[in-house]
file final15.txt (compact mmCIF, C-alpha atoms)
# COMPACT_ATOMS: atom_id res chain seq x y z
CA MET D 402 10.92 -76.53 -102.87
CA LYS D 403 9.12 -77.88 -99.84
CA LYS D 404 11.79 -76.40 -97.61
CA PHE D 405 11.34 -73.00 -99.20
CA ILE D 406 7.59 -73.10 -98.63
CA VAL D 407 8.06 -74.11 -94.98
CA LEU D 408 10.51 -71.21 -94.47
CA ILE D 409 8.04 -68.70 -95.92
CA LEU D 410 5.27 -69.99 -93.62
CA CYS D 411 7.55 -69.63 -90.57
CA VAL D 412 8.37 -66.04 -91.48
CA LEU D 413 4.69 -65.19 -91.85
CA LEU D 414 3.82 -66.78 -88.50
CA ILE D 415 6.62 -64.87 -86.71
CA SER D 416 5.45 -61.61 -88.26
CA PHE D 417 1.88 -62.27 -87.16
CA PHE D 418 2.80 -63.01 -83.52
CA THR D 419 5.08 -60.00 -83.39
CA ARG D 420 2.27 -57.66 -84.36
CA CYS D 421 -0.03 -59.21 -81.78
CA GLY D 422 2.56 -58.70 -79.03
CA LYS D 423 2.92 -54.97 -79.78
CA LYS D 424 -0.81 -54.56 -79.58
CA ASP D 425 -0.87 -56.24 -76.14
CA GLU D 426 1.90 -53.94 -74.85
CA SER D 427 0.09 -50.82 -76.00
CA ALA D 428 -3.09 -52.05 -74.35
CA HIS D 429 -1.31 -52.87 -71.07
CA PRO D 430 1.52 -50.39 -70.31
CA GLN D 431 2.47 -52.21 -67.15
CA ALA D 432 3.36 -55.28 -69.19
CA LYS D 433 6.39 -53.46 -70.53
CA VAL D 434 7.72 -53.19 -67.05
CA GLU D 435 7.03 -56.85 -66.38
CA LYS D 436 9.04 -57.92 -69.45
CA GLY D 437 12.28 -56.76 -68.00
CA GLU D 438 12.22 -52.98 -68.32
CA SER D 439 14.09 -51.35 -65.42
CA ARG D 440 12.11 -49.86 -62.45
CA GLN D 441 12.92 -46.88 -60.29
CA PRO D 442 14.57 -48.07 -57.10
CA GLY D 443 12.46 -48.14 -53.94
CA LYS D 444 9.15 -47.89 -55.84
CA LYS D 445 6.41 -50.39 -56.42
CA ASP D 446 3.48 -49.58 -58.63
CA GLY D 447 4.51 -45.90 -58.61
CA LYS D 448 4.65 -45.70 -54.80
CA PRO D 449 7.56 -45.66 -52.30
CA LYS D 450 8.89 -49.08 -51.63
CA ALA D 451 7.58 -50.58 -48.37
CA GLY D 452 10.09 -51.17 -45.50
CA LYS D 453 12.28 -48.13 -46.22
CA GLU D 454 12.78 -45.28 -43.59
CA GLU D 455 10.08 -42.67 -43.68
CA LYS D 456 10.90 -38.97 -43.40
CA LYS D 457 11.72 -37.99 -39.82
CA ASP D 458 9.48 -35.56 -37.87
CA GLU D 459 10.71 -32.06 -37.89
CA GLU D 460 12.28 -30.95 -34.55
CA ILE D 461 10.33 -28.35 -32.49
CA ASP D 462 12.02 -25.12 -31.34
CA ILE D 463 10.71 -25.02 -27.78
CA ASP D 464 11.93 -21.49 -27.06
CA LYS D 465 9.86 -20.04 -29.91
CA LEU D 466 6.58 -21.57 -28.73
CA ASP D 467 4.05 -19.24 -27.11
CA ILE D 468 3.74 -21.29 -23.93
CA PRO D 469 4.58 -20.54 -20.28
CA ASP D 470 8.21 -20.85 -19.16
CA ARG D 471 7.25 -23.59 -16.70
CA MET D 472 5.90 -25.70 -19.57
CA LYS D 473 9.09 -25.09 -21.58
CA GLN D 474 11.18 -26.26 -18.63
CA ALA D 475 8.98 -29.34 -18.21
CA ILE D 476 9.55 -30.25 -21.88
CA LYS D 477 13.30 -29.69 -21.71
CA SER D 478 13.71 -31.63 -18.49
CA GLY D 479 11.71 -34.57 -19.83
CA ARG D 480 8.80 -34.33 -17.41
CA ILE D 481 6.64 -34.13 -20.53
CA PRO D 482 7.61 -37.11 -22.78
CA LYS D 483 8.79 -36.29 -26.30
CA ASP D 484 6.00 -38.25 -27.88
CA LYS D 485 3.49 -36.18 -25.92
CA VAL D 486 4.99 -32.73 -26.59
CA LYS D 487 2.95 -31.93 -29.72
CA GLU D 488 -0.23 -33.17 -28.12
CA ARG D 489 0.30 -31.16 -24.90
CA VAL D 490 1.33 -27.98 -26.73
CA LYS D 491 -1.62 -28.25 -29.09
CA ALA D 492 -4.00 -28.85 -26.18
CA PHE D 493 -2.56 -25.88 -24.27
CA LEU D 494 -2.82 -23.49 -27.24
CA GLU D 495 -6.37 -24.64 -28.00
CA MET D 496 -7.32 -24.18 -24.37
CA GLN D 497 -5.74 -20.74 -24.25
CA LYS D 498 -7.59 -19.81 -27.43
CA SER D 499 -10.92 -21.15 -26.22
CA GLY D 500 -10.35 -19.93 -22.65
CA THR D 501 -10.09 -16.22 -23.30
CA ASN D 502 -13.22 -15.80 -21.20
CA PHE D 503 -11.81 -17.85 -18.31
CA PRO D 504 -10.78 -15.92 -15.15
CA ALA D 505 -7.25 -14.56 -15.39
CA VAL D 506 -5.03 -15.56 -12.44
CA LYS D 507 -1.43 -15.33 -11.35
CA VAL D 508 0.23 -18.47 -10.00
CA GLU D 509 3.19 -18.76 -7.63
CA ARG D 510 4.99 -21.61 -5.91
CA VAL D 511 4.77 -22.17 -2.17
CA GLN D 512 8.15 -21.32 -0.63
CA ARG D 513 10.02 -21.30 2.65
CA ARG D 514 11.34 -18.19 4.36
CA LYS D 515 12.02 -16.64 7.75
CA ILE D 516 8.94 -15.39 9.57
CA ASN D 517 8.42 -13.80 12.97
CA ALA D 518 5.44 -13.47 15.29
CA PHE D 519 5.06 -10.01 16.81
CA LEU D 520 3.31 -8.56 19.81
CA VAL D 521 2.26 -5.15 18.49
CA LEU D 522 1.88 -2.29 20.98
CA ASN D 523 1.80 1.50 20.81
CA GLY D 524 3.84 3.90 22.87
CA VAL D 525 5.67 7.22 23.01
CA VAL D 526 9.43 7.67 22.64
CA GLU D 527 11.21 8.93 25.75
CA PRO D 528 14.84 9.81 26.42
CA GLU D 529 17.13 7.55 28.39
CA ARG D 530 17.75 10.41 30.83
CA LYS D 531 16.17 13.83 31.29
CA VAL D 532 18.27 16.14 33.46
CA GLU D 533 17.21 19.58 34.66
CA VAL D 534 20.10 22.03 35.18
CA TYR D 535 19.84 24.59 38.01
CA SER D 536 21.79 27.75 38.75
CA ARG D 537 23.87 27.68 41.93
CA LEU D 538 24.41 31.43 42.02
CA SER D 539 22.37 34.58 42.06
CA ALA D 540 23.85 36.52 39.18
CA TYR D 541 23.16 38.12 35.83
CA VAL D 542 23.41 36.06 32.63
CA LYS D 543 26.51 37.15 30.72
CA ASN D 544 26.52 34.83 27.69
CA ILE D 545 24.46 31.98 26.19
CA VAL D 546 26.82 29.30 24.82
CA LYS D 547 24.44 26.45 23.91
CA GLU D 548 21.00 26.78 22.37
CA GLU D 549 18.07 24.38 22.23
CA GLY D 550 18.82 21.50 19.87
CA ASP D 551 22.58 21.62 20.39
CA PHE D 552 24.39 18.40 21.22
CA VAL D 553 26.60 18.68 24.30
CA LYS D 554 29.02 16.42 26.11
CA LYS D 555 29.39 16.07 29.83
CA ASN D 556 30.88 19.25 31.44
CA ASP D 557 30.42 21.32 28.28
CA VAL D 558 29.66 24.98 29.16
CA LEU D 559 26.03 25.91 28.50
CA ALA D 560 26.10 29.55 29.64
CA LEU D 561 28.22 32.10 31.52
CA LEU D 562 27.06 34.19 34.48
CA ASP D 563 28.51 37.55 35.48
CA ASP D 564 31.25 36.70 38.02
CA THR D 565 32.64 40.22 38.69
CA GLU D 566 31.60 40.38 42.36
CA ILE D 567 32.70 36.85 43.08
CA ARG D 568 36.03 37.36 41.36
CA ILE D 569 36.77 40.43 43.56
CA SER D 570 35.98 38.44 46.69
CA TYR D 571 38.04 35.57 45.32
CA ARG D 572 41.12 37.78 44.86
CA GLN D 573 40.75 39.24 48.35
CA ALA D 574 40.49 35.77 49.79
CA GLN D 575 43.56 34.75 47.84
CA ILE D 576 45.57 37.64 49.34
CA GLN D 577 44.35 36.89 52.83
CA LEU D 578 45.28 33.24 52.37
CA GLU D 579 48.81 34.16 51.34
CA GLN D 580 49.18 36.47 54.38
CA ALA D 581 47.88 33.76 56.66
CA LYS D 582 50.35 31.34 55.15
CA LEU D 583 53.27 33.70 55.84
CA THR D 584 52.09 34.25 59.40
CA LEU D 585 51.75 30.52 59.91
CA THR D 586 55.27 29.95 58.61
CA ASP D 587 56.69 32.54 61.04
CA GLU D 588 54.78 31.22 64.02
CA GLU D 589 55.78 27.66 63.16
CA THR D 590 59.44 28.73 63.17
CA ASN D 591 59.02 30.51 66.51
CA TYR D 592 57.34 27.50 68.01
CA GLN D 593 60.12 25.18 66.89
CA ARG D 594 62.71 27.55 68.41
CA SER D 595 60.75 27.62 71.68
CA GLN D 596 60.83 23.84 71.79
CA GLU D 597 64.63 23.84 71.49
CA LEU D 598 64.97 26.50 74.21
CA LYS D 599 62.60 24.63 76.44
CA LYS D 600 64.87 21.59 76.34
CA THR D 601 67.79 23.66 77.68
CA GLU D 602 65.51 25.54 80.07
CA MET D 603 66.49 28.82 78.46
CA ILE D 604 62.82 29.87 78.15
CA SER D 605 60.14 30.01 80.75
CA GLU D 606 57.12 27.77 80.67
CA GLN D 607 54.89 30.77 80.19
CA ASP D 608 56.76 31.96 77.08
CA TYR D 609 56.75 28.43 75.69
CA GLN D 610 52.97 28.11 76.14
CA LEU D 611 52.45 31.53 74.56
CA SER D 612 54.52 30.53 71.53
CA HIS D 613 52.53 27.31 71.21
CA ALA D 614 49.21 29.14 71.44
CA THR D 615 50.26 31.72 68.86
CA TYR D 616 51.28 28.94 66.47
CA ASN D 617 47.93 27.14 66.87
CA LYS D 618 46.05 30.40 66.30
CA ALA D 619 48.04 31.07 63.10
CA LYS D 620 47.36 27.54 61.92
CA LEU D 621 43.62 27.91 62.59
CA ASP D 622 43.53 31.31 60.88
CA TYR D 623 45.27 29.83 57.83
CA GLN D 624 42.77 26.97 57.70
CA THR D 625 39.87 29.43 57.86
CA LYS D 626 41.31 31.58 55.08
CA LEU D 627 41.90 28.43 52.98
CA GLU D 628 38.29 27.25 53.34
CA ASN D 629 37.01 30.73 52.45
CA PHE D 630 39.26 30.76 49.39
CA LYS D 631 38.03 27.32 48.28
CA ASP D 632 34.41 28.41 48.71
CA LEU D 633 34.92 31.47 46.54
CA GLU D 634 36.83 29.36 44.00
CA LEU D 635 33.87 26.99 43.84
CA GLN D 636 31.42 29.85 43.43
CA LEU D 637 33.58 31.24 40.66
CA SER D 638 33.32 27.86 38.86
CA TYR D 639 29.53 28.01 39.27
CA ALA D 640 29.52 31.07 37.03
CA LYS D 641 30.08 28.58 34.21
CA ILE D 642 26.83 26.62 33.77
CA LYS D 643 27.92 23.11 32.68
CA SER D 644 26.01 20.11 31.37
CA PRO D 645 25.95 17.23 33.85
CA VAL D 646 25.32 14.62 31.08
CA GLU D 647 25.81 14.03 27.38
CA GLY D 648 22.77 14.72 25.24
CA TYR D 649 20.71 17.39 23.55
CA VAL D 650 19.62 20.73 24.96
CA THR D 651 15.82 20.60 24.91
CA GLU D 652 15.07 23.69 27.05
CA ARG D 653 16.75 27.04 27.70
CA LEU D 654 14.88 29.07 30.32
CA MET D 655 16.95 32.26 30.61
CA GLU D 656 18.04 35.21 28.51
CA VAL D 657 21.22 37.29 28.31
CA GLY D 658 20.98 40.17 30.79
CA SER D 659 18.35 38.56 32.99
CA ARG D 660 19.14 37.68 36.57
CA VAL D 661 18.89 34.13 37.76
CA ASN D 662 18.58 33.05 41.36
CA ALA D 663 20.21 30.16 43.15
CA ASN D 664 18.37 26.85 42.58
CA GLN D 665 16.52 28.24 39.56
CA HIS D 666 15.80 25.80 36.66
CA ILE D 667 17.62 27.23 33.62
CA TYR D 668 18.34 24.30 31.21
CA THR D 669 17.09 20.81 30.35
CA VAL D 670 19.42 18.26 28.75
CA GLU D 671 18.15 14.86 27.50
CA ASP D 672 20.16 11.77 26.63
CA PHE D 673 18.88 10.21 23.39
CA SER D 674 21.21 7.22 23.27
CA PRO D 675 19.49 4.92 23.70
CA LEU D 676 15.84 5.97 23.56
CA LEU D 677 13.09 4.27 25.51
CA VAL D 678 9.54 3.25 24.65
CA ARG D 679 7.28 2.28 27.53
CA VAL D 680 4.40 0.03 26.49
CA TYR D 681 1.66 -1.63 28.50
CA VAL D 682 1.24 -5.34 27.80
CA PRO D 683 -1.96 -7.28 28.62
CA THR D 684 -1.57 -9.86 31.35
CA ALA D 685 -2.37 -12.73 28.94
CA ASP D 686 0.64 -11.83 26.77
CA ILE D 687 3.15 -11.04 29.50
CA VAL D 688 3.95 -14.74 30.01
CA ASN D 689 5.52 -14.81 26.53
CA LEU D 690 7.85 -11.90 27.18
CA LYS D 691 11.44 -11.98 28.40
CA THR D 692 14.13 -9.36 28.73
CA GLU D 693 16.55 -9.07 25.77
CA MET D 694 13.81 -10.05 23.29
CA GLU D 695 14.24 -8.27 19.95
CA ALA D 696 11.85 -5.51 18.97
CA HIS D 697 11.18 -3.36 15.89
CA VAL D 698 9.98 0.22 16.22
CA VAL D 699 8.25 2.09 13.37
CA THR D 700 6.47 5.42 13.08
CA ASP D 701 4.31 7.09 10.45
CA VAL D 702 6.54 10.16 10.69
CA LEU D 703 9.55 8.23 9.34
CA LYS D 704 7.95 5.91 6.80
CA GLY D 705 10.07 3.04 5.55
CA MET D 706 12.46 3.18 8.50
CA VAL D 707 12.65 0.37 11.08
CA PHE D 708 14.57 0.91 14.32
CA GLU D 709 16.05 -2.03 16.20
CA GLY D 710 15.53 -2.47 19.91
CA LYS D 711 15.17 -4.95 22.74
CA VAL D 712 13.14 -5.48 25.88
CA LYS D 713 15.09 -3.87 28.72
CA LEU D 714 12.74 -3.96 31.73
CA ILE D 715 9.57 -5.85 32.66
CA ASN D 716 7.74 -4.42 35.64
CA PRO D 717 6.93 -7.21 38.12
CA ARG D 718 3.69 -5.53 39.16
CA ILE D 719 0.35 -5.79 37.32
CA ASP D 720 -1.75 -2.65 37.20
CA VAL D 721 -5.05 -3.60 38.84
CA GLN D 722 -7.15 -1.03 37.01
CA SER D 723 -5.93 -1.71 33.46
CA GLY D 724 -4.75 -5.31 33.85
CA THR D 725 -1.48 -4.52 32.09
CA VAL D 726 2.22 -4.65 32.85
CA LYS D 727 4.62 -1.83 32.01
CA VAL D 728 7.43 -2.97 29.69
CA THR D 729 10.37 -0.77 28.74
CA VAL D 730 11.86 -1.25 25.27
CA GLU D 731 15.31 0.15 24.55
CA VAL D 732 15.71 1.55 21.01
CA PHE D 733 18.97 2.28 19.19
CA ASP D 734 18.99 5.02 16.55
CA GLY D 735 22.31 5.81 14.94
CA THR D 736 20.61 8.20 12.50
CA ARG D 737 19.33 10.42 15.34
CA LYS D 738 16.04 10.85 13.46
CA LEU D 739 13.85 9.27 16.10
CA LYS D 740 12.86 11.96 18.59
CA PRO D 741 11.34 11.88 22.10
CA GLY D 742 7.62 12.50 21.99
CA MET D 743 7.05 10.60 18.73
CA PHE D 744 4.12 8.18 18.72
CA VAL D 745 5.45 4.78 17.59
CA GLU D 746 4.35 1.21 17.00
CA THR D 747 6.50 -1.32 18.83
CA ARG D 748 6.65 -4.91 17.55
CA ILE D 749 8.18 -7.32 20.03
CA ILE D 750 9.29 -10.61 18.44
CA VAL D 751 7.79 -13.38 20.59
CA SER D 752 8.36 -16.22 18.09
CA ASN D 753 10.94 -16.76 15.36
CA LYS D 754 10.83 -19.42 12.61
CA PRO D 755 13.79 -19.26 10.18
CA ASP D 756 12.46 -21.86 7.69
CA ALA D 757 8.67 -21.68 7.70
CA LEU D 758 6.38 -22.68 4.81
CA VAL D 759 4.60 -19.46 3.85
CA VAL D 760 2.04 -18.15 1.36
CA PRO D 761 1.03 -14.58 0.49
CA ARG D 762 -1.79 -13.29 2.67
CA LYS D 763 -3.77 -12.29 -0.44
CA SER D 764 -3.87 -15.91 -1.67
CA ILE D 765 -5.99 -17.07 1.29
CA VAL D 766 -9.80 -17.10 1.23
CA TYR D 767 -12.06 -17.92 4.15
CA ASP D 768 -15.18 -20.03 4.23
CA GLN D 769 -16.88 -20.04 7.64
CA ASN D 770 -13.60 -18.91 9.24
CA GLN D 771 -11.77 -21.85 7.64
CA PRO D 772 -8.78 -20.76 5.49
CA PHE D 773 -8.44 -22.12 1.94
CA VAL D 774 -6.17 -21.65 -1.07
CA PHE D 775 -6.71 -22.50 -4.71
CA MET D 776 -4.12 -24.93 -6.06
CA PHE D 777 -3.39 -24.82 -9.77
CA ASN D 778 -3.40 -27.93 -11.97
CA PHE D 779 -1.06 -27.21 -14.86
CA GLN D 780 -2.22 -30.09 -17.07
CA GLY D 781 -5.92 -29.38 -16.76
CA MET D 782 -5.52 -25.59 -16.50
CA GLU D 783 -7.94 -25.61 -13.57
CA VAL D 784 -7.89 -24.81 -9.87
CA SER D 785 -8.90 -26.88 -6.88
CA LYS D 786 -9.85 -25.64 -3.43
CA HIS D 787 -7.59 -26.85 -0.59
CA SER D 788 -8.09 -26.40 3.12
CA ILE D 789 -5.02 -25.28 5.09
CA LYS D 790 -4.00 -24.65 8.70
CA THR D 791 -2.28 -21.33 9.28
CA GLY D 792 0.27 -20.31 11.89
CA ILE D 793 2.01 -17.05 12.65
CA SER D 794 1.95 -14.10 10.26
CA GLU D 795 4.29 -11.27 9.36
CA GLY D 796 3.56 -8.50 6.92
CA ASP D 797 2.19 -9.93 3.66
CA TYR D 798 2.97 -13.57 4.51
CA ILE D 799 1.26 -16.23 6.63
CA GLU D 800 2.76 -19.51 7.78
CA VAL D 801 1.07 -22.72 6.57
CA GLU D 802 1.33 -25.54 9.13
CA GLU D 803 -0.77 -28.12 7.25
CA GLY D 804 -2.30 -28.58 3.79
CA LEU D 805 0.52 -27.58 1.42
CA ASN D 806 4.00 -28.67 0.43
CA GLU D 807 6.96 -26.66 -0.74
CA GLY D 808 6.75 -26.10 -4.50
CA ASP D 809 2.96 -26.41 -4.80
CA ARG D 810 1.43 -23.94 -7.23
CA ILE D 811 -1.27 -21.71 -5.78
CA VAL D 812 -3.28 -18.77 -7.10
CA THR D 813 -2.04 -15.51 -5.61
CA VAL D 814 -3.87 -12.97 -7.78
CA GLY D 815 -7.46 -13.35 -8.96
CA VAL D 816 -8.79 -15.60 -6.19
CA GLU D 817 -11.98 -13.57 -5.97
CA GLY D 818 -14.85 -15.47 -7.56
CA LEU D 819 -12.94 -18.72 -8.13
CA LYS D 820 -14.66 -22.04 -7.53
CA ASP D 821 -13.42 -25.57 -7.14
CA GLN D 822 -12.49 -27.28 -10.46
CA MET D 823 -12.88 -24.03 -12.37
CA LYS D 824 -10.94 -23.52 -15.62
CA VAL D 825 -8.61 -20.51 -15.50
CA ARG D 826 -6.26 -18.53 -17.70
CA VAL D 827 -2.76 -17.93 -16.36
CA VAL D 828 -1.25 -14.51 -16.99
CA ARG D 829 2.48 -13.93 -16.79
call {"tool": "encode", "arguments": {"input": "final15.txt", "output": "structure tokens"}}
result
Amino acid sequence: MKKFIVLILCVLLISFFTRCGKKDESAHPQAKVEKGESRQPGKKDGKPKAGKEEKKDEEIDIDKLDIPDRMKQAIKSGRIPKDKVKERVKAFLEMQKSGTNFPAVKVERVQRRKINAFLVLNGVVEPERKVEVYSRLSAYVKNIVKEEGDFVKKNDVLALLDDTEIRISYRQAQIQLEQAKLTLTDEETNYQRSQELKKTEMISEQDYQLSHATYNKAKLDYQTKLENFKDLELQLSYAKIKSPVEGYVTERLMEVGSRVNANQHIYTVEDFSPLLVRVYVPTADIVNLKTEMEAHVVTDVLKGMVFEGKVKLINPRIDVQSGTVKVTVEVFDGTRKLKPGMFVETRIIVSNKPDALVVPRKSIVYDQNQPFVFMFNFQGMEVSKHSIKTGISEGDYIEVEEGLNEGDRIVTVGVEGLKDQMKVRVVR
């Protein structure tokens, strides 16, 4: 009986504590987890478990970013560290956004290239040779063969004169020459026979001397007729007016049917290969000149064309009145477009640098005659004023002797109004 009562009391106590435990669990939900209920892996108190790998940063597509190509290259090459890429890109975009009112500039790198120093002089194109052709006969003009502007070679026929009278005299002289030749042949035979007879004393001395005299007279008469024939033959050739040189006909001073006199100027032929330009160089510059120096010749008439030449002659005498020296430049023109009489600009190369450090002329500003350029700072998006020392110039480029290095970035467009340490906006 006592055992039964004890058993009932134990059951009641267990039931009481069981009800109390359920109340505690409902009041504290986390207690259920603490009593052995399974947890989600990697979580603690509903949060990711500490010590595990966090989600990696998303990779940036550099090519799709709206940044300059130079900045893209700097990122790809590693000049901008990976951990600084987002910061730099963000700073650049913010600066571009806030710097819309900054001066717009164009930036280029300082480079090396060939550059020449020229001595620039003006002159007039002249032919290599100018030859005046004269008539050697007094005759009427029969035919004009070459006109002004025609190209002729040496001994080409320019015109024909009427040779009727000369040809008649020429034929008569030819007949007389043939008769004199026959007479000479006969008298030579007679003289040889007389010599043989004289040896055997079958002819008198008087007959021998007469035969000898007759032979000499026939020989002299033949020689006279021959010279007359040659003279008429030469005059007949003069009826063909020929060019003494190769070149262009620049003047024709006679007409068909007109009569020209001996020693009358009838044609002018000029040799255009090569052409010459005579320039007058100041005494201070003549010391830098030498023969065979290269030269470039340009003219406003033929824009865009540059003709090659060289210094051919340097006059050893200085003109007292002008203080200059005459220099002859030889010009070669295979196109035959450069003409005598054209006003040209001659640039004689007095200095040649094949690997000079150069900048565009438009990038240079002057402050009290001191040249400066604006260097561009890519990180700060600002410019700084740098003093330079310039050398020779050619066209749009000027040599930089001091102050810059190859690859430096300088402002080439938009330098007007810039100041030192000024923020700028780079345009592509």
call {"tool": "residues_around", "arguments": {"input": "final15.txt", "residues": "D:Glu529", "least_positions_apart": "3", "cutoff": "9 Å", "atoms": "all atoms listed in the file", "output": "PyMOL selection string"}}
result
chain D and resi 671-677+731
call {"tool": "residues_around", "arguments": {"input": "final15.txt", "residues": "D:Leu654", "least_positions_apart": "6", "cutoff": "9 Å", "atoms": "all atoms listed in the file", "output": "PyMOL selection string"}}
result
chain D and resi 666-669
call {"tool": "residues_around", "arguments": {"input": "final15.txt", "residues": "D:Ile545", "least_positions_apart": "4", "cutoff": "7 Å", "atoms": "all atoms listed in the file", "output": "tab-separated table (two decimals) with C-alpha atoms, in the coordinates of the input"}}
result
chain	number	residue	atom	x	y	z
D	559	LEU	CA	26.03	25.91	28.50
D	560	ALA	CA	26.10	29.55	29.64
D	561	LEU	CA	28.22	32.10	31.52
D	657	VAL	CA	21.22	37.29	28.31
call {"tool": "atom_distance", "arguments": {"input": "final15.txt", "atom1": "atom CA of D:Thr590", "atom2": "atom CA of D:Glu602"}}
result
18.2 Å
call {"tool": "atom_distance", "arguments": {"input": "final15.txt", "atom1": "atom CA of D:Leu538", "atom2": "atom CA of D:Thr625"}}
result
22.2 Å
call {"tool": "closest_residue", "arguments": {"input": "final15.txt", "among": "D:Val766, D:Ile576, D:Val760, D:Ile715", "to": "D:Asp809", "atoms": "all atoms listed in the file"}}
result
D:Val760
call {"tool": "residues_near_point", "arguments": {"input": "final15.txt", "point": "(-4.8, -21.5, 7.0)", "cutoff": "10 Å", "atoms": "all atoms listed in the file", "output": "list in words"}}
result
Val760, Arg762, Ile765, Val766, Tyr767, Asn770, Gln771, Pro772, Phe773, Val774, His787, Ser788, Ile789, Lys790, Thr791, Gly792, Ile793, Ile799, Glu800, Val801, Glu802, Glu803, Gly804 and Leu805 of chain D
call {"tool": "decode", "arguments": {"input": "final15.txt", "residues": "stretch 663-674 of chain D", "atoms": "N, CA, C and O atoms", "output": "short mmCIF file (atom, residue, chain, number, x, y, z; two decimals), in the first residue's frame"}}
result
data_model
loop_
_atom_site.label_atom_id
_atom_site.label_comp_id
_atom_site.auth_asym_id
_atom_site.auth_seq_id
_atom_site.Cartn_x
_atom_site.Cartn_y
_atom_site.Cartn_z
N ALA D 663 70.53 87.04 -142.84
CA ALA D 663 71.62 86.34 -142.15
C ALA D 663 71.86 87.01 -140.80
O ALA D 663 71.79 88.25 -140.67
N ASN D 664 72.11 86.18 -139.78
CA ASN D 664 72.36 86.64 -138.40
C ASN D 664 71.14 87.28 -137.75
O ASN D 664 71.27 88.10 -136.83
N GLN D 665 69.96 86.90 -138.21
CA GLN D 665 68.72 87.39 -137.59
C GLN D 665 68.23 86.39 -136.55
O GLN D 665 68.17 85.19 -136.81
N HIS D 666 67.86 86.88 -135.34
CA HIS D 666 67.34 86.03 -134.27
C HIS D 666 65.94 85.54 -134.64
O HIS D 666 65.03 86.34 -134.83
N ILE D 667 65.78 84.21 -134.75
CA ILE D 667 64.49 83.66 -135.20
C ILE D 667 63.85 82.69 -134.20
O ILE D 667 62.64 82.48 -134.23
N TYR D 668 64.62 82.07 -133.32
CA TYR D 668 64.09 81.12 -132.32
C TYR D 668 64.84 81.29 -131.00
O TYR D 668 65.98 81.75 -130.98
N THR D 669 64.16 80.87 -129.91
CA THR D 669 64.82 80.74 -128.61
C THR D 669 64.46 79.37 -128.04
O THR D 669 63.28 79.01 -127.98
N VAL D 670 65.47 78.62 -127.66
CA VAL D 670 65.27 77.29 -127.07
C VAL D 670 65.89 77.29 -125.68
O VAL D 670 67.04 77.73 -125.51
N GLU D 671 65.14 76.79 -124.67
CA GLU D 671 65.62 76.79 -123.28
C GLU D 671 65.63 75.36 -122.74
O GLU D 671 64.69 74.60 -122.95
N ASP D 672 66.70 75.06 -122.03
CA ASP D 672 66.87 73.74 -121.41
C ASP D 672 66.33 73.79 -119.99
O ASP D 672 66.85 74.53 -119.15
N PHE D 673 65.30 72.99 -119.72
CA PHE D 673 64.64 73.00 -118.40
C PHE D 673 65.13 71.89 -117.48
O PHE D 673 64.55 71.68 -116.42
N SER D 674 66.12 71.15 -117.86
CA SER D 674 66.56 70.02 -117.04
C SER D 674 68.07 70.08 -116.82
O SER D 674 68.84 69.73 -117.72
#
